[in-house]
Amino acid sequence: MAPSTPFDYVGLMNSALLCRDPVVVLEHVDLYGSTGECPVDDLDYCIPVGRARVRRVGSAVTVLTYLAMTTYALRAAEASGVDAEVIDLRWLDRASLDWETVGASVRKTNNVLIAEQGPVGTSYGGWLADEIQRRLFDWLEQPVQRVTGGEASPSISRVLERAAIAREEEVAAKLAEMAG
């Protein structure tokens, strides 16, 4: 599971705790200081395993993202002026990926951008792009595009860290490029 908001963290964690299979919880350091809506009246709230969430409705490009990159992708979609649909994947494993939500969006937009902060060579998006090309090829107007971090992992230096990870500016630039 890969939560991008406090609300999702509670719901996803509760679902993970109830799951009979092992669940890996991915936490992003950029989310530790985040604030947002949370189910304070029902701390037993669960988000079903395998359900992505459309965070922004659009018709030109499907942006698939997760963890802290979700906020950057949402801001980039607003700033770029591209009518992008942003989907927060939330569950990343092969068996739980929400292909129903992803497929419906791709059939609508015919364009996909995978936005993540991981290094380009070892990122989750490489597998995801390959799988989308295989499953949804007939609905794609162009190859799946990706925004990733650099070749190296982030370091302790803020300057080098910024050079190694992708954020809002990189997503906005790729959206503008895709929109033509």
# chains A, B, ... in the order shown; residues from 1 in each chain; ligands from 1
$ select_by_dssp --residues "range 2-128 of chain A" --states "alpha helix (DSSP H)" --output "ChimeraX atom specification"
/A:6-18,69-80,99-109,124-128
$ closest_atom_pairs --of "range 69-108 of chain A" --to "range 36-52 of chain A" --cutoff "7 Å" --atoms "only C-alpha atoms" --output "tab-separated table"
residue	atom	partner	partner_atom	distance
A:Ile87	CA	A:Ala52	CA	6.8
A:Asp88	CA	A:Ala52	CA	5.8
A:Leu89	CA	A:Ala52	CA	4.5
A:Arg90	CA	A:Ala52	CA	5.6
A:Trp91	CA	A:Gly50	CA	5.5
A:Ser96	CA	A:Gly50	CA	4.2
A:Leu97	CA	A:Gly50	CA	5.5
A:Asp98	CA	A:Gly50	CA	5.4
A:Thr101	CA	A:Ala52	CA	6.8
$ residues_around --residues "Pro143 in chain A" --least-positions-apart "3" --cutoff "9 Å" --atoms "only C-alpha atoms" --output "VMD selection string"
chain A and resid 111 to 112 129 133 137 140
$ atom_distance --atom1 "CA of Ala77 in chain A" --atom2 "CA of Ser59 in chain A"
11.8 Å
$ select_by_dssp --residues "chain A" --states "strand (DSSP E or B)" --output "list in words"
Arg53, Val54, Arg55, Arg56, Val61, Thr62, Val63, Leu64, Thr65, Ala84, Glu85, Val86, Ile87, Asp88, Val112, Leu113, Ile114, Ala115, Glu116, Gln117, Gly118, Pro119, Gln145, Arg146, Val147, Thr148 and Gly149 of chain A
$ atom_distance --atom1 "CA of Val23 in chain A" --atom2 "CA of Ala2 in chain A"
10.5 Å
$ residues_around --residues "Lys174 in chain A" --least-positions-apart "6" --cutoff "9 Å" --atoms "only C-alpha atoms" --output "number ranges by chain"
A: 113, 145-147
$ closest_residue --among "A:Leu128, A:Gly150, A:Val25, A:Val82" --to "Glu177 in chain A" --atoms "only C-alpha atoms"
A:Val82
$ residues_around --residues "Arg107 in chain A" --least-positions-apart "2" --cutoff "9 Å" --atoms "only C-alpha atoms" --output "list in words"
Val102, Gly103, Ala104, Ser105, Thr109, Asn110, Asn111, Leu136, Asp138, Trp139 and Leu140 of chain A
$ write_last_selection --atoms "all heavy atoms" --output "PDB file, in the first residue's frame"
ATOM      1  N   VAL A 102      -7.933   2.203 -13.957  1.00  0.00           N
ATOM      2  CA  VAL A 102      -6.880   2.599 -14.901  1.00  0.00           C
ATOM      3  C   VAL A 102      -7.374   2.439 -16.335  1.00  0.00           C
ATOM      4  O   VAL A 102      -7.246   3.345 -17.164  1.00  0.00           O
ATOM      5  CB  VAL A 102      -5.586   1.788 -14.662  1.00  0.00           C
ATOM      6  CG1 VAL A 102      -4.581   2.022 -15.771  1.00  0.00           C
ATOM      7  CG2 VAL A 102      -4.986   2.119 -13.300  1.00  0.00           C
ATOM      8  N   GLY A 103      -7.960   1.295 -16.648  1.00  0.00           N
ATOM      9  CA  GLY A 103      -8.446   1.029 -18.003  1.00  0.00           C
ATOM     10  C   GLY A 103      -9.523   1.999 -18.448  1.00  0.00           C
ATOM     11  O   GLY A 103      -9.493   2.483 -19.587  1.00  0.00           O
ATOM     12  N   ALA A 104     -10.473   2.309 -17.568  1.00  0.00           N
ATOM     13  CA  ALA A 104     -11.538   3.252 -17.919  1.00  0.00           C
ATOM     14  C   ALA A 104     -10.963   4.622 -18.241  1.00  0.00           C
ATOM     15  O   ALA A 104     -11.384   5.293 -19.194  1.00  0.00           O
ATOM     16  CB  ALA A 104     -12.549   3.345 -16.778  1.00  0.00           C
ATOM     17  N   SER A 105      -9.978   5.046 -17.484  1.00  0.00           N
ATOM     18  CA  SER A 105      -9.363   6.348 -17.712  1.00  0.00           C
ATOM     19  C   SER A 105      -8.573   6.367 -19.021  1.00  0.00           C
ATOM     20  O   SER A 105      -8.662   7.316 -19.805  1.00  0.00           O
ATOM     21  CB  SER A 105      -8.457   6.719 -16.539  1.00  0.00           C
ATOM     22  OG  SER A 105      -7.901   7.999 -16.732  1.00  0.00           O
ATOM     23  N   THR A 109      -8.949   8.936 -22.151  1.00  0.00           N
ATOM     24  CA  THR A 109      -7.943   9.952 -22.497  1.00  0.00           C
ATOM     25  C   THR A 109      -7.029   9.537 -23.644  1.00  0.00           C
ATOM     26  O   THR A 109      -6.504  10.402 -24.350  1.00  0.00           O
ATOM     27  CB  THR A 109      -7.053  10.280 -21.285  1.00  0.00           C
ATOM     28  OG1 THR A 109      -6.252   9.137 -20.961  1.00  0.00           O
ATOM     29  CG2 THR A 109      -7.880  10.726 -20.089  1.00  0.00           C
ATOM     30  N   ASN A 110      -6.784   8.252 -23.793  1.00  0.00           N
ATOM     31  CA  ASN A 110      -5.895   7.689 -24.816  1.00  0.00           C
ATOM     32  C   ASN A 110      -4.429   8.091 -24.651  1.00  0.00           C
ATOM     33  O   ASN A 110      -3.633   7.911 -25.579  1.00  0.00           O
ATOM     34  CB  ASN A 110      -6.369   8.044 -26.224  1.00  0.00           C
ATOM     35  CG  ASN A 110      -7.807   7.644 -26.441  1.00  0.00           C
ATOM     36  OD1 ASN A 110      -8.668   8.482 -26.622  1.00  0.00           O
ATOM     37  ND2 ASN A 110      -8.083   6.354 -26.386  1.00  0.00           N
ATOM     38  N   ASN A 111      -4.062   8.658 -23.520  1.00  0.00           N
ATOM     39  CA  ASN A 111      -2.686   9.071 -23.230  1.00  0.00           C
ATOM     40  C   ASN A 111      -2.378   8.778 -21.769  1.00  0.00           C
ATOM     41  O   ASN A 111      -3.217   9.030 -20.913  1.00  0.00           O
ATOM     42  CB  ASN A 111      -2.496  10.567 -23.482  1.00  0.00           C
ATOM     43  CG  ASN A 111      -2.593  10.903 -24.945  1.00  0.00           C
ATOM     44  OD1 ASN A 111      -1.769  10.483 -25.735  1.00  0.00           O
ATOM     45  ND2 ASN A 111      -3.623  11.658 -25.316  1.00  0.00           N
ATOM     46  N   LEU A 136      -3.479  -2.302 -22.768  1.00  0.00           N
ATOM     47  CA  LEU A 136      -4.321  -1.212 -23.291  1.00  0.00           C
ATOM     48  C   LEU A 136      -3.775  -0.591 -24.574  1.00  0.00           C
ATOM     49  O   LEU A 136      -4.130   0.542 -24.917  1.00  0.00           O
ATOM     50  CB  LEU A 136      -4.482  -0.145 -22.196  1.00  0.00           C
ATOM     51  CG  LEU A 136      -5.093  -0.655 -20.891  1.00  0.00           C
ATOM     52  CD1 LEU A 136      -4.911   0.358 -19.770  1.00  0.00           C
ATOM     53  CD2 LEU A 136      -6.562  -0.991 -21.079  1.00  0.00           C
ATOM     54  N   ASP A 138      -4.349  -0.823 -27.721  1.00  0.00           N
ATOM     55  CA  ASP A 138      -5.296  -0.362 -28.742  1.00  0.00           C
ATOM     56  C   ASP A 138      -5.927   0.990 -28.425  1.00  0.00           C
ATOM     57  O   ASP A 138      -6.478   1.629 -29.317  1.00  0.00           O
ATOM     58  CB  ASP A 138      -6.400  -1.400 -28.955  1.00  0.00           C
ATOM     59  CG  ASP A 138      -5.886  -2.665 -29.621  1.00  0.00           C
ATOM     60  OD1 ASP A 138      -4.822  -2.604 -30.271  1.00  0.00           O
ATOM     61  OD2 ASP A 138      -6.542  -3.715 -29.484  1.00  0.00           O
ATOM     62  N   TRP A 139      -5.845   1.429 -27.180  1.00  0.00           N
ATOM     63  CA  TRP A 139      -6.445   2.712 -26.803  1.00  0.00           C
ATOM     64  C   TRP A 139      -5.410   3.822 -26.667  1.00  0.00           C
ATOM     65  O   TRP A 139      -5.771   4.961 -26.371  1.00  0.00           O
ATOM     66  CB  TRP A 139      -7.231   2.573 -25.498  1.00  0.00           C
ATOM     67  CG  TRP A 139      -8.487   1.794 -25.697  1.00  0.00           C
ATOM     68  CD1 TRP A 139      -9.678   2.266 -26.192  1.00  0.00           C
ATOM     69  CD2 TRP A 139      -8.691   0.419 -25.425  1.00  0.00           C
ATOM     70  NE1 TRP A 139     -10.589   1.256 -26.246  1.00  0.00           N
ATOM     71  CE2 TRP A 139     -10.020   0.104 -25.781  1.00  0.00           C
ATOM     72  CE3 TRP A 139      -7.880  -0.595 -24.924  1.00  0.00           C
ATOM     73  CZ2 TRP A 139     -10.557  -1.169 -25.642  1.00  0.00           C
ATOM     74  CZ3 TRP A 139      -8.412  -1.868 -24.798  1.00  0.00           C
ATOM     75  CH2 TRP A 139      -9.733  -2.135 -25.155  1.00  0.00           C
ATOM     76  N   LEU A 140      -4.158   3.535 -26.882  1.00  0.00           N
ATOM     77  CA  LEU A 140      -3.103   4.538 -26.709  1.00  0.00           C
ATOM     78  C   LEU A 140      -2.809   5.273 -28.009  1.00  0.00           C
ATOM     79  O   LEU A 140      -2.611   4.656 -29.045  1.00  0.00           O
ATOM     80  CB  LEU A 140      -1.820   3.884 -26.193  1.00  0.00           C
ATOM     81  CG  LEU A 140      -1.885   3.273 -24.794  1.00  0.00           C
ATOM     82  CD1 LEU A 140      -0.607   2.505 -24.498  1.00  0.00           C
ATOM     83  CD2 LEU A 140      -2.136   4.347 -23.758  1.00  0.00           C
TER      84      LEU A 140
END
$ residues_around --residues "Ala73 in chain A" --least-positions-apart "4" --cutoff "12 Å" --atoms "only C-alpha atoms" --output "ChimeraX atom specification"
/A:4,55-56,61-69,77-80,82,84-88,113-117,147-148,166-175
$ closest_residue --among "A:Arg158, A:His28, A:Arg53, A:Arg20" --to "Asp8 in chain A" --atoms "only C-alpha atoms"
A:Arg53
$ residues_around --residues "Ala164 in chain A" --least-positions-apart "2" --cutoff "6 Å" --atoms "only C-alpha atoms" --output "tab-separated table (two decimals) with N, CA and C atoms, in the first residue's frame"
chain	number	residue	atom	x	y	z
A	149	GLY	N	12.60	10.10	-11.17
A	149	GLY	CA	13.81	10.71	-10.64
A	149	GLY	C	14.96	10.45	-11.59
A	150	GLY	N	16.14	10.89	-11.20
A	150	GLY	CA	17.33	10.73	-12.04
A	150	GLY	C	17.90	9.33	-11.97
A	154	PRO	N	18.29	9.70	-4.11
A	154	PRO	CA	18.47	10.97	-3.39
A	154	PRO	C	19.57	10.85	-2.33
A	161	GLU	N	19.60	16.06	-3.71
A	161	GLU	CA	18.32	15.38	-3.58
A	161	GLU	C	17.33	15.91	-4.61
A	162	ARG	N	17.28	17.23	-4.75
A	162	ARG	CA	16.36	17.83	-5.73
A	162	ARG	C	16.72	17.42	-7.15
$ atom_distance --atom1 "CA of Tyr32 in chain A" --atom2 "CA of Phe7 in chain A"
12.9 Å
$ closest_residue --among "A:Thr70, A:Gly180, A:Val57, A:Met13" --to "Asp30 in chain A" --atoms "only C-alpha atoms"
A:Thr70
